[in-house]
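Next comes entry_22.txt, with compact mmCIF, N, CA and C atoms.
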```txt
# COMPACT_ATOMS: atom_id res chain seq x y z
N MET A 123 -49.96 16.94 31.22
CA MET A 123 -48.54 17.11 31.26
C MET A 123 -48.02 17.20 29.83
N ARG A 124 -46.97 17.97 29.67
CA ARG A 124 -46.37 18.17 28.35
C ARG A 124 -44.86 18.14 28.51
N TYR A 125 -44.21 17.45 27.59
CA TYR A 125 -42.77 17.41 27.61
C TYR A 125 -42.26 17.39 26.18
N GLN A 126 -41.13 18.04 25.96
CA GLN A 126 -40.54 18.11 24.63
C GLN A 126 -39.04 17.89 24.75
N HIS A 127 -38.49 17.20 23.78
CA HIS A 127 -37.04 16.97 23.75
C HIS A 127 -36.62 16.91 22.29
N GLN A 128 -35.37 17.23 22.03
CA GLN A 128 -34.88 17.15 20.66
C GLN A 128 -33.50 16.52 20.63
N VAL A 129 -33.13 16.04 19.44
CA VAL A 129 -31.83 15.41 19.26
C VAL A 129 -31.34 15.74 17.86
N GLN A 130 -30.04 15.92 17.75
CA GLN A 130 -29.39 16.14 16.47
C GLN A 130 -28.83 14.80 16.00
N ILE A 131 -29.19 14.39 14.78
CA ILE A 131 -28.76 13.10 14.23
C ILE A 131 -27.98 13.36 12.95
N ASN A 132 -26.82 12.78 12.85
CA ASN A 132 -25.98 12.94 11.66
C ASN A 132 -26.42 11.96 10.57
N SER A 133 -27.58 12.26 10.00
CA SER A 133 -28.17 11.45 8.94
C SER A 133 -29.20 12.33 8.23
N PRO A 134 -29.41 12.11 6.93
CA PRO A 134 -30.37 12.95 6.19
C PRO A 134 -31.81 12.80 6.69
N VAL A 135 -32.59 13.85 6.52
CA VAL A 135 -33.98 13.87 6.97
C VAL A 135 -34.77 12.68 6.43
N ALA A 136 -34.66 12.41 5.15
CA ALA A 136 -35.46 11.33 4.54
C ALA A 136 -35.18 9.99 5.23
N ARG A 137 -33.93 9.71 5.55
CA ARG A 137 -33.58 8.45 6.21
C ARG A 137 -34.12 8.40 7.64
N VAL A 138 -33.97 9.51 8.37
CA VAL A 138 -34.46 9.56 9.75
C VAL A 138 -35.98 9.41 9.77
N PHE A 139 -36.66 10.13 8.90
CA PHE A 139 -38.12 10.09 8.83
C PHE A 139 -38.60 8.66 8.53
N GLU A 140 -38.00 8.05 7.52
CA GLU A 140 -38.41 6.70 7.12
C GLU A 140 -38.20 5.70 8.26
N TYR A 141 -37.07 5.80 8.94
CA TYR A 141 -36.78 4.90 10.05
C TYR A 141 -37.81 5.07 11.17
N MET A 142 -38.10 6.32 11.54
CA MET A 142 -39.04 6.57 12.63
C MET A 142 -40.47 6.21 12.27
N ASP A 143 -40.80 6.24 10.99
CA ASP A 143 -42.16 5.90 10.56
C ASP A 143 -42.37 4.39 10.42
N ASP A 144 -41.30 3.62 10.48
CA ASP A 144 -41.39 2.16 10.34
C ASP A 144 -41.73 1.55 11.70
N VAL A 145 -42.98 1.16 11.88
CA VAL A 145 -43.45 0.64 13.17
C VAL A 145 -42.66 -0.59 13.61
N SER A 146 -42.18 -1.38 12.69
CA SER A 146 -41.41 -2.57 13.06
C SER A 146 -40.06 -2.23 13.68
N ARG A 147 -39.56 -1.00 13.46
CA ARG A 147 -38.27 -0.58 14.01
C ARG A 147 -38.42 0.15 15.35
N GLU A 148 -39.63 0.52 15.71
CA GLU A 148 -39.82 1.32 16.92
C GLU A 148 -39.30 0.65 18.19
N PRO A 149 -39.42 -0.67 18.37
CA PRO A 149 -38.85 -1.27 19.58
C PRO A 149 -37.32 -1.11 19.68
N GLU A 150 -36.65 -0.86 18.55
CA GLU A 150 -35.20 -0.66 18.57
C GLU A 150 -34.83 0.62 19.31
N TRP A 151 -35.67 1.64 19.22
CA TRP A 151 -35.32 2.91 19.85
C TRP A 151 -36.30 3.31 20.96
N GLN A 152 -37.34 2.51 21.14
CA GLN A 152 -38.27 2.71 22.25
C GLN A 152 -38.39 1.37 22.98
N PRO A 153 -37.46 1.10 23.89
CA PRO A 153 -37.37 -0.24 24.48
C PRO A 153 -38.59 -0.68 25.28
N GLY A 154 -39.47 0.23 25.69
CA GLY A 154 -40.68 -0.16 26.40
C GLY A 154 -41.70 -0.84 25.51
N ILE A 155 -41.57 -0.66 24.20
CA ILE A 155 -42.52 -1.26 23.25
C ILE A 155 -42.19 -2.74 23.08
N LYS A 156 -43.18 -3.57 23.33
CA LYS A 156 -43.01 -5.02 23.18
C LYS A 156 -43.60 -5.52 21.86
N GLU A 157 -44.68 -4.89 21.41
CA GLU A 157 -45.33 -5.25 20.14
C GLU A 157 -45.82 -3.97 19.49
N ALA A 158 -45.74 -3.91 18.17
CA ALA A 158 -46.22 -2.73 17.44
C ALA A 158 -46.78 -3.16 16.10
N TYR A 159 -47.94 -2.60 15.76
CA TYR A 159 -48.63 -2.95 14.52
C TYR A 159 -49.14 -1.68 13.84
N LYS A 160 -49.17 -1.70 12.52
CA LYS A 160 -49.72 -0.58 11.77
C LYS A 160 -50.91 -1.08 10.96
N ASP A 161 -52.00 -0.29 10.96
CA ASP A 161 -53.22 -0.66 10.25
C ASP A 161 -53.76 0.55 9.51
N PRO A 162 -53.86 0.49 8.20
CA PRO A 162 -53.48 -0.63 7.34
C PRO A 162 -51.96 -0.67 7.13
N PRO A 163 -51.44 -1.85 6.76
CA PRO A 163 -50.01 -1.94 6.45
C PRO A 163 -49.69 -1.05 5.24
N GLY A 164 -48.43 -0.78 5.04
CA GLY A 164 -48.03 0.04 3.90
C GLY A 164 -47.70 1.46 4.33
N ASP A 165 -47.83 2.36 3.39
CA ASP A 165 -47.47 3.75 3.64
C ASP A 165 -48.41 4.39 4.67
N THR A 166 -47.82 5.21 5.53
CA THR A 166 -48.60 5.94 6.52
C THR A 166 -49.32 7.11 5.84
N ALA A 167 -50.53 7.37 6.29
CA ALA A 167 -51.32 8.51 5.81
C ALA A 167 -52.20 8.97 6.98
N VAL A 168 -52.83 10.10 6.83
CA VAL A 168 -53.79 10.54 7.85
C VAL A 168 -54.84 9.44 7.99
N GLY A 169 -55.10 9.03 9.23
CA GLY A 169 -56.05 7.95 9.50
C GLY A 169 -55.39 6.62 9.80
N THR A 170 -54.11 6.45 9.46
CA THR A 170 -53.40 5.21 9.77
C THR A 170 -53.33 5.05 11.29
N ARG A 171 -53.54 3.82 11.75
CA ARG A 171 -53.50 3.52 13.18
C ARG A 171 -52.24 2.73 13.50
N LYS A 172 -51.67 3.03 14.66
CA LYS A 172 -50.54 2.25 15.18
C LYS A 172 -50.95 1.76 16.55
N ARG A 173 -50.85 0.45 16.74
CA ARG A 173 -51.25 -0.18 18.01
C ARG A 173 -49.99 -0.69 18.70
N TYR A 174 -49.87 -0.36 19.99
CA TYR A 174 -48.69 -0.72 20.76
C TYR A 174 -49.06 -1.49 22.01
N VAL A 175 -48.26 -2.50 22.31
CA VAL A 175 -48.29 -3.15 23.60
C VAL A 175 -46.94 -2.81 24.21
N SER A 176 -46.98 -2.14 25.36
CA SER A 176 -45.76 -1.64 25.98
C SER A 176 -45.70 -2.04 27.44
N GLU A 177 -44.51 -1.91 27.99
CA GLU A 177 -44.34 -2.06 29.42
C GLU A 177 -44.04 -0.67 29.96
N PHE A 178 -44.84 -0.24 30.94
CA PHE A 178 -44.67 1.08 31.52
C PHE A 178 -44.78 0.95 33.03
N MET A 179 -43.71 1.29 33.72
CA MET A 179 -43.67 1.21 35.18
C MET A 179 -44.07 -0.18 35.67
N GLY A 180 -43.57 -1.21 34.97
CA GLY A 180 -43.83 -2.58 35.38
C GLY A 180 -45.17 -3.14 34.98
N ARG A 181 -45.96 -2.36 34.24
CA ARG A 181 -47.30 -2.82 33.83
C ARG A 181 -47.37 -2.90 32.31
N GLN A 182 -48.14 -3.85 31.82
CA GLN A 182 -48.39 -3.92 30.39
C GLN A 182 -49.53 -2.97 30.05
N VAL A 183 -49.29 -2.11 29.07
CA VAL A 183 -50.31 -1.16 28.65
C VAL A 183 -50.49 -1.26 27.14
N GLU A 184 -51.70 -0.97 26.69
CA GLU A 184 -52.00 -1.00 25.27
C GLU A 184 -52.57 0.35 24.87
N ASN A 185 -52.02 0.89 23.79
CA ASN A 185 -52.47 2.16 23.27
C ASN A 185 -52.58 2.08 21.75
N THR A 186 -53.56 2.76 21.21
CA THR A 186 -53.69 2.90 19.77
C THR A 186 -53.62 4.37 19.44
N TYR A 187 -52.77 4.69 18.47
CA TYR A 187 -52.61 6.06 18.00
C TYR A 187 -53.12 6.17 16.57
N VAL A 188 -53.76 7.29 16.27
CA VAL A 188 -54.23 7.57 14.92
C VAL A 188 -53.40 8.72 14.37
N THR A 189 -52.94 8.59 13.15
CA THR A 189 -52.18 9.65 12.50
C THR A 189 -53.15 10.77 12.12
N THR A 190 -52.91 11.97 12.65
CA THR A 190 -53.79 13.10 12.35
C THR A 190 -53.13 14.11 11.41
N VAL A 191 -51.79 14.10 11.35
CA VAL A 191 -51.04 14.94 10.42
C VAL A 191 -49.90 14.10 9.88
N PHE A 192 -49.71 14.13 8.57
CA PHE A 192 -48.59 13.40 7.97
C PHE A 192 -48.02 14.23 6.82
N ASP A 193 -46.92 14.90 7.10
CA ASP A 193 -46.20 15.68 6.10
C ASP A 193 -44.82 15.04 5.95
N ARG A 194 -44.67 14.24 4.91
CA ARG A 194 -43.43 13.46 4.73
C ARG A 194 -42.20 14.33 4.88
N ASP A 195 -41.25 13.81 5.64
CA ASP A 195 -39.95 14.44 5.90
C ASP A 195 -40.05 15.75 6.68
N GLU A 196 -41.24 16.09 7.22
CA GLU A 196 -41.39 17.34 7.96
C GLU A 196 -42.04 17.16 9.33
N ARG A 197 -43.20 16.49 9.34
CA ARG A 197 -43.99 16.47 10.58
C ARG A 197 -44.98 15.32 10.59
N ILE A 198 -45.13 14.69 11.77
CA ILE A 198 -46.16 13.67 11.99
C ILE A 198 -46.81 13.97 13.34
N VAL A 199 -48.13 13.85 13.40
CA VAL A 199 -48.85 13.99 14.66
C VAL A 199 -49.72 12.75 14.83
N TYR A 200 -49.63 12.16 16.04
CA TYR A 200 -50.45 11.00 16.40
C TYR A 200 -51.26 11.37 17.63
N GLU A 201 -52.49 10.84 17.71
CA GLU A 201 -53.31 11.02 18.91
C GLU A 201 -53.91 9.68 19.30
N THR A 202 -53.99 9.43 20.60
CA THR A 202 -54.53 8.15 21.05
C THR A 202 -56.04 8.09 20.83
N THR A 203 -56.52 6.86 20.72
CA THR A 203 -57.95 6.62 20.61
C THR A 203 -58.53 6.51 22.03
N PRO A 204 -59.85 6.68 22.17
CA PRO A 204 -60.46 6.66 23.52
C PRO A 204 -60.24 5.37 24.31
N ASP A 205 -59.98 4.25 23.65
CA ASP A 205 -59.77 2.99 24.37
C ASP A 205 -58.36 2.83 24.93
N SER A 206 -57.48 3.80 24.71
CA SER A 206 -56.10 3.73 25.17
C SER A 206 -56.02 4.06 26.66
N VAL A 207 -54.94 3.58 27.31
CA VAL A 207 -54.78 3.84 28.75
C VAL A 207 -54.13 5.19 29.01
N LEU A 208 -53.82 5.90 27.97
CA LEU A 208 -53.23 7.22 28.08
C LEU A 208 -53.86 8.11 27.02
N ARG A 209 -54.28 9.27 27.41
CA ARG A 209 -54.76 10.25 26.43
C ARG A 209 -53.53 11.05 26.03
N ALA A 210 -53.09 10.90 24.78
CA ALA A 210 -51.83 11.52 24.39
C ALA A 210 -51.87 12.05 22.97
N ARG A 211 -51.02 13.04 22.77
CA ARG A 211 -50.77 13.61 21.45
C ARG A 211 -49.26 13.67 21.31
N VAL A 212 -48.74 13.10 20.24
CA VAL A 212 -47.30 13.08 19.98
C VAL A 212 -47.06 13.81 18.67
N GLU A 213 -46.16 14.79 18.72
CA GLU A 213 -45.80 15.52 17.51
C GLU A 213 -44.31 15.36 17.26
N LEU A 214 -43.97 14.91 16.06
CA LEU A 214 -42.58 14.76 15.64
C LEU A 214 -42.31 15.77 14.53
N THR A 215 -41.24 16.53 14.66
CA THR A 215 -40.85 17.44 13.59
C THR A 215 -39.42 17.13 13.19
N PHE A 216 -39.14 17.31 11.92
CA PHE A 216 -37.85 16.97 11.32
C PHE A 216 -37.33 18.20 10.58
N ASP A 217 -36.14 18.66 10.97
CA ASP A 217 -35.55 19.83 10.33
C ASP A 217 -34.16 19.48 9.84
N ALA A 218 -33.91 19.77 8.55
CA ALA A 218 -32.57 19.57 7.99
C ALA A 218 -31.64 20.60 8.60
N THR A 219 -30.47 20.14 8.99
CA THR A 219 -29.43 21.02 9.51
C THR A 219 -28.18 20.78 8.69
N GLY A 220 -27.19 21.61 8.89
CA GLY A 220 -25.96 21.46 8.13
C GLY A 220 -25.33 20.08 8.27
N SER A 221 -25.51 19.47 9.42
CA SER A 221 -24.87 18.17 9.64
C SER A 221 -25.85 17.01 9.74
N GLY A 222 -27.07 17.21 9.32
CA GLY A 222 -28.02 16.10 9.36
C GLY A 222 -29.44 16.53 9.64
N THR A 223 -30.02 16.00 10.72
CA THR A 223 -31.44 16.22 11.03
C THR A 223 -31.62 16.52 12.51
N ARG A 224 -32.43 17.54 12.79
CA ARG A 224 -32.85 17.77 14.17
C ARG A 224 -34.26 17.21 14.29
N VAL A 225 -34.43 16.27 15.22
CA VAL A 225 -35.74 15.68 15.50
C VAL A 225 -36.23 16.25 16.81
N ARG A 226 -37.44 16.78 16.79
CA ARG A 226 -38.08 17.28 18.01
C ARG A 226 -39.31 16.42 18.26
N MET A 227 -39.43 15.94 19.48
CA MET A 227 -40.57 15.11 19.85
C MET A 227 -41.27 15.78 21.02
N ALA A 228 -42.53 16.14 20.82
CA ALA A 228 -43.33 16.77 21.86
C ALA A 228 -44.46 15.81 22.22
N VAL A 229 -44.62 15.59 23.51
CA VAL A 229 -45.65 14.67 24.00
C VAL A 229 -46.52 15.40 25.00
N GLU A 230 -47.82 15.37 24.75
CA GLU A 230 -48.81 15.87 25.71
C GLU A 230 -49.62 14.67 26.14
N GLY A 231 -49.81 14.50 27.43
CA GLY A 231 -50.54 13.33 27.86
C GLY A 231 -51.33 13.54 29.13
N GLN A 232 -52.35 12.74 29.25
CA GLN A 232 -53.20 12.72 30.43
C GLN A 232 -53.45 11.26 30.74
N PRO A 233 -53.02 10.79 31.91
CA PRO A 233 -53.22 9.39 32.24
C PRO A 233 -54.70 9.03 32.37
N ALA A 234 -55.00 7.81 32.01
CA ALA A 234 -56.36 7.28 32.15
C ALA A 234 -56.24 5.91 32.81
N GLY A 235 -57.34 5.29 33.09
CA GLY A 235 -57.33 3.96 33.70
C GLY A 235 -56.53 3.94 34.99
N ALA A 236 -55.78 2.86 35.21
CA ALA A 236 -55.00 2.70 36.43
C ALA A 236 -53.89 3.75 36.56
N LEU A 237 -53.44 4.29 35.43
CA LEU A 237 -52.38 5.31 35.48
C LEU A 237 -52.83 6.59 36.18
N LYS A 238 -54.14 6.82 36.26
CA LYS A 238 -54.66 8.03 36.93
C LYS A 238 -54.27 8.09 38.40
N PHE A 239 -53.98 6.94 38.97
CA PHE A 239 -53.72 6.88 40.41
C PHE A 239 -52.24 7.05 40.76
N ILE A 240 -51.40 7.17 39.75
CA ILE A 240 -49.97 7.39 39.99
C ILE A 240 -49.74 8.90 40.10
N PRO A 241 -49.04 9.35 41.12
CA PRO A 241 -48.82 10.80 41.28
C PRO A 241 -48.21 11.43 40.03
N LYS A 242 -48.69 12.61 39.70
CA LYS A 242 -48.30 13.31 38.48
C LYS A 242 -46.79 13.50 38.38
N ARG A 243 -46.14 13.89 39.47
CA ARG A 243 -44.70 14.15 39.41
C ARG A 243 -43.91 12.88 39.09
N ILE A 244 -44.41 11.73 39.56
CA ILE A 244 -43.74 10.46 39.24
C ILE A 244 -43.91 10.14 37.76
N LEU A 245 -45.14 10.27 37.25
CA LEU A 245 -45.39 10.03 35.83
C LEU A 245 -44.55 10.95 34.96
N GLU A 246 -44.50 12.23 35.31
CA GLU A 246 -43.72 13.19 34.51
C GLU A 246 -42.25 12.79 34.47
N GLY A 247 -41.70 12.38 35.61
CA GLY A 247 -40.29 11.96 35.65
C GLY A 247 -40.03 10.75 34.78
N VAL A 248 -40.93 9.78 34.83
CA VAL A 248 -40.77 8.58 34.02
C VAL A 248 -40.90 8.90 32.54
N PHE A 249 -41.90 9.71 32.16
CA PHE A 249 -42.07 10.10 30.76
C PHE A 249 -40.84 10.84 30.25
N ARG A 250 -40.34 11.77 31.03
CA ARG A 250 -39.17 12.56 30.63
C ARG A 250 -37.97 11.64 30.39
N LYS A 251 -37.73 10.74 31.33
CA LYS A 251 -36.61 9.81 31.22
C LYS A 251 -36.75 8.92 29.99
N GLU A 252 -37.96 8.40 29.76
CA GLU A 252 -38.18 7.53 28.60
C GLU A 252 -38.02 8.28 27.28
N LEU A 253 -38.52 9.51 27.21
CA LEU A 253 -38.40 10.29 25.98
C LEU A 253 -36.93 10.60 25.69
N GLU A 254 -36.20 11.07 26.68
CA GLU A 254 -34.79 11.37 26.47
C GLU A 254 -34.01 10.11 26.10
N GLY A 255 -34.30 9.00 26.78
CA GLY A 255 -33.62 7.74 26.47
C GLY A 255 -33.94 7.23 25.08
N SER A 256 -35.19 7.37 24.67
CA SER A 256 -35.59 6.92 23.33
C SER A 256 -34.89 7.71 22.24
N LEU A 257 -34.81 9.02 22.41
CA LEU A 257 -34.15 9.83 21.39
C LEU A 257 -32.64 9.58 21.36
N ALA A 258 -32.05 9.27 22.49
CA ALA A 258 -30.64 8.90 22.52
C ALA A 258 -30.40 7.59 21.78
N LEU A 259 -31.31 6.61 21.98
CA LEU A 259 -31.20 5.34 21.25
C LEU A 259 -31.44 5.54 19.75
N LEU A 260 -32.36 6.42 19.41
CA LEU A 260 -32.62 6.73 18.00
C LEU A 260 -31.34 7.25 17.35
N LYS A 261 -30.70 8.20 17.99
CA LYS A 261 -29.46 8.77 17.47
C LYS A 261 -28.40 7.68 17.29
N LYS A 262 -28.24 6.85 18.30
CA LYS A 262 -27.25 5.78 18.25
C LYS A 262 -27.53 4.82 17.09
N ALA A 263 -28.79 4.43 16.92
CA ALA A 263 -29.17 3.50 15.85
C ALA A 263 -28.90 4.08 14.47
N LEU A 264 -29.22 5.34 14.29
CA LEU A 264 -29.09 5.96 12.97
C LEU A 264 -27.67 6.40 12.63
N GLU A 265 -26.84 6.54 13.65
CA GLU A 265 -25.46 6.94 13.39
C GLU A 265 -24.49 5.77 13.43
N ALA A 266 -25.01 4.57 13.70
CA ALA A 266 -24.12 3.38 13.79
C ALA A 266 -23.58 2.99 12.42
```

Spit out the file's structure as structure tokens when you get a sec.
Amino acid sequence: MRYQHQVQINSPVARVFEYMDDVSREPEWQPGIKEAYKDPPGDTAVGTRKRYVSEFMGRQVENTYVTTVFDRDERIVYETTPDSVLRARVELTFDATGSGTRVRMAVEGQPAGALKFIPKRILEGVFRKELEGSLALLKKALEA
């Protein structure tokens, strides 16, 4: 399954990028995230891992993402590791606009583990709702 959504944020690209790259801030705009860690700490680079403990459809799930592309203020790509409960690729792009930043988030995923048994249309609906809600919260946080 693949889903993409975008949001216009009235804030400069550098600020939006920095906020979204800060793993400690992710629960602010992704409410399903209960714990988030970055390894190694410090600046993100290709190979940096982000580990998440989240609640998804009433279940606790753990996923680890590895940064595969990191172009500051332009683009980040993360892919899950084989031990994750979801096989996913997340691509974030950041474009300067006249009034701020357009953030596009594209998610490709394939459920694994217990998630494989949930009907695809239900998973797609939940993912779509969570992605749209997360980007709306991101906009609200950065424009407050």

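By only N, CA and C atoms, and with residues fewer than 5 positions from A:Ala158 along its chain excluded, the set lying at most 6.5 Å from it is Val145, Ser146, Lys172, Arg173, Tyr174 and Val175 of chain A.
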
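Atom CA of A:Met123 lies 19.7 Å from atom C of A:Ser176.
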
Could you write out as JSON the box around stretch 159-171 of chain A (axis-aligned, all atoms listed in the file, 8 Å on each side), with centre and edge lengths in Å to one decimal?
```
{"center_x": -51.8, "center_y": 3.8, "center_z": 9.6, "size_x": 24.6, "size_y": 29.5, "size_z": 28.4}
```

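The coordinates place atom C of A:Thr215 at 17.0 Å from atom N of A:Ala263.
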
A:Phe192 surroundings by only N, CA and C atoms, 6.5 Å radius, close-in-sequence under 6 positions cut, as JSON, numbers by chain: {"A": [167, 168, 198, 199]}

What is the distance between atom N of A:Leu260 and atom C of A:Asp143, in Å to one decimal? 13.6 Å

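Of the residues listed (A:Met227, A:Val183, A:Ala258, A:Ala218), A:Val183 shows the shortest atom-to-atom separation from A:Ser206; distances use all atoms listed in the file.
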
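Across A:Ala266, A:Val138, A:Val207, A:Leu253, the tightest approach to A:Val229 is made by A:Leu253 when counting only C-alpha atoms.
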
Enumerate the residues of chain A with a DSSP assignment of helix (DSSP H, G or I), computed from the backbone, and present them as a PyMOL selection string. chain A and resi 135-143+145-151+235-239+242-265

Do you know which residues are at most 7 Å from A:Ala210 counting only N, CA and C atoms, after dropping those on the same chain fewer than 6 positions away, and could you put them as a count of residues only? 8

Would you mind telling me which residue in A:Gly222, A:Pro149, A:Pro204, A:Pro163 lies nearest to A:Gln130 when using all atoms listed in the file? A:Gly222

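Counting only N, CA and C atoms, the residue from A:Glu196, A:Arg124, A:Met142, A:Arg181 that sits nearest to A:Glu246 is A:Arg124.
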
Can you tell me which residues surround A:Trp151 at a distance of at most 8 Å, considering all atoms listed in the file, apart from same-chain residues fewer than 4 positions away, and format the answer as a VMD selection string? chain A and resid 147 155 255 to 261 263

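If only C-alpha atoms are the atoms counted, then among A:Tyr159, A:Phe178, A:Phe139, A:Phe216 the closest residue to A:Glu252 is A:Phe178.
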
Distance query 6.5 Å from (-45.8, 10.6, 18.9) using all atoms listed in the file, result as a PyMOL selection string: chain A and resi 199-200+211-214+228

Please run DSSP on the backbone and report, as a PyMOL selection string, all residues within chain A that come out as strand (DSSP E). chain A and resi 124-131+155-161+171-178+181-193+197-202+208-219+222-233
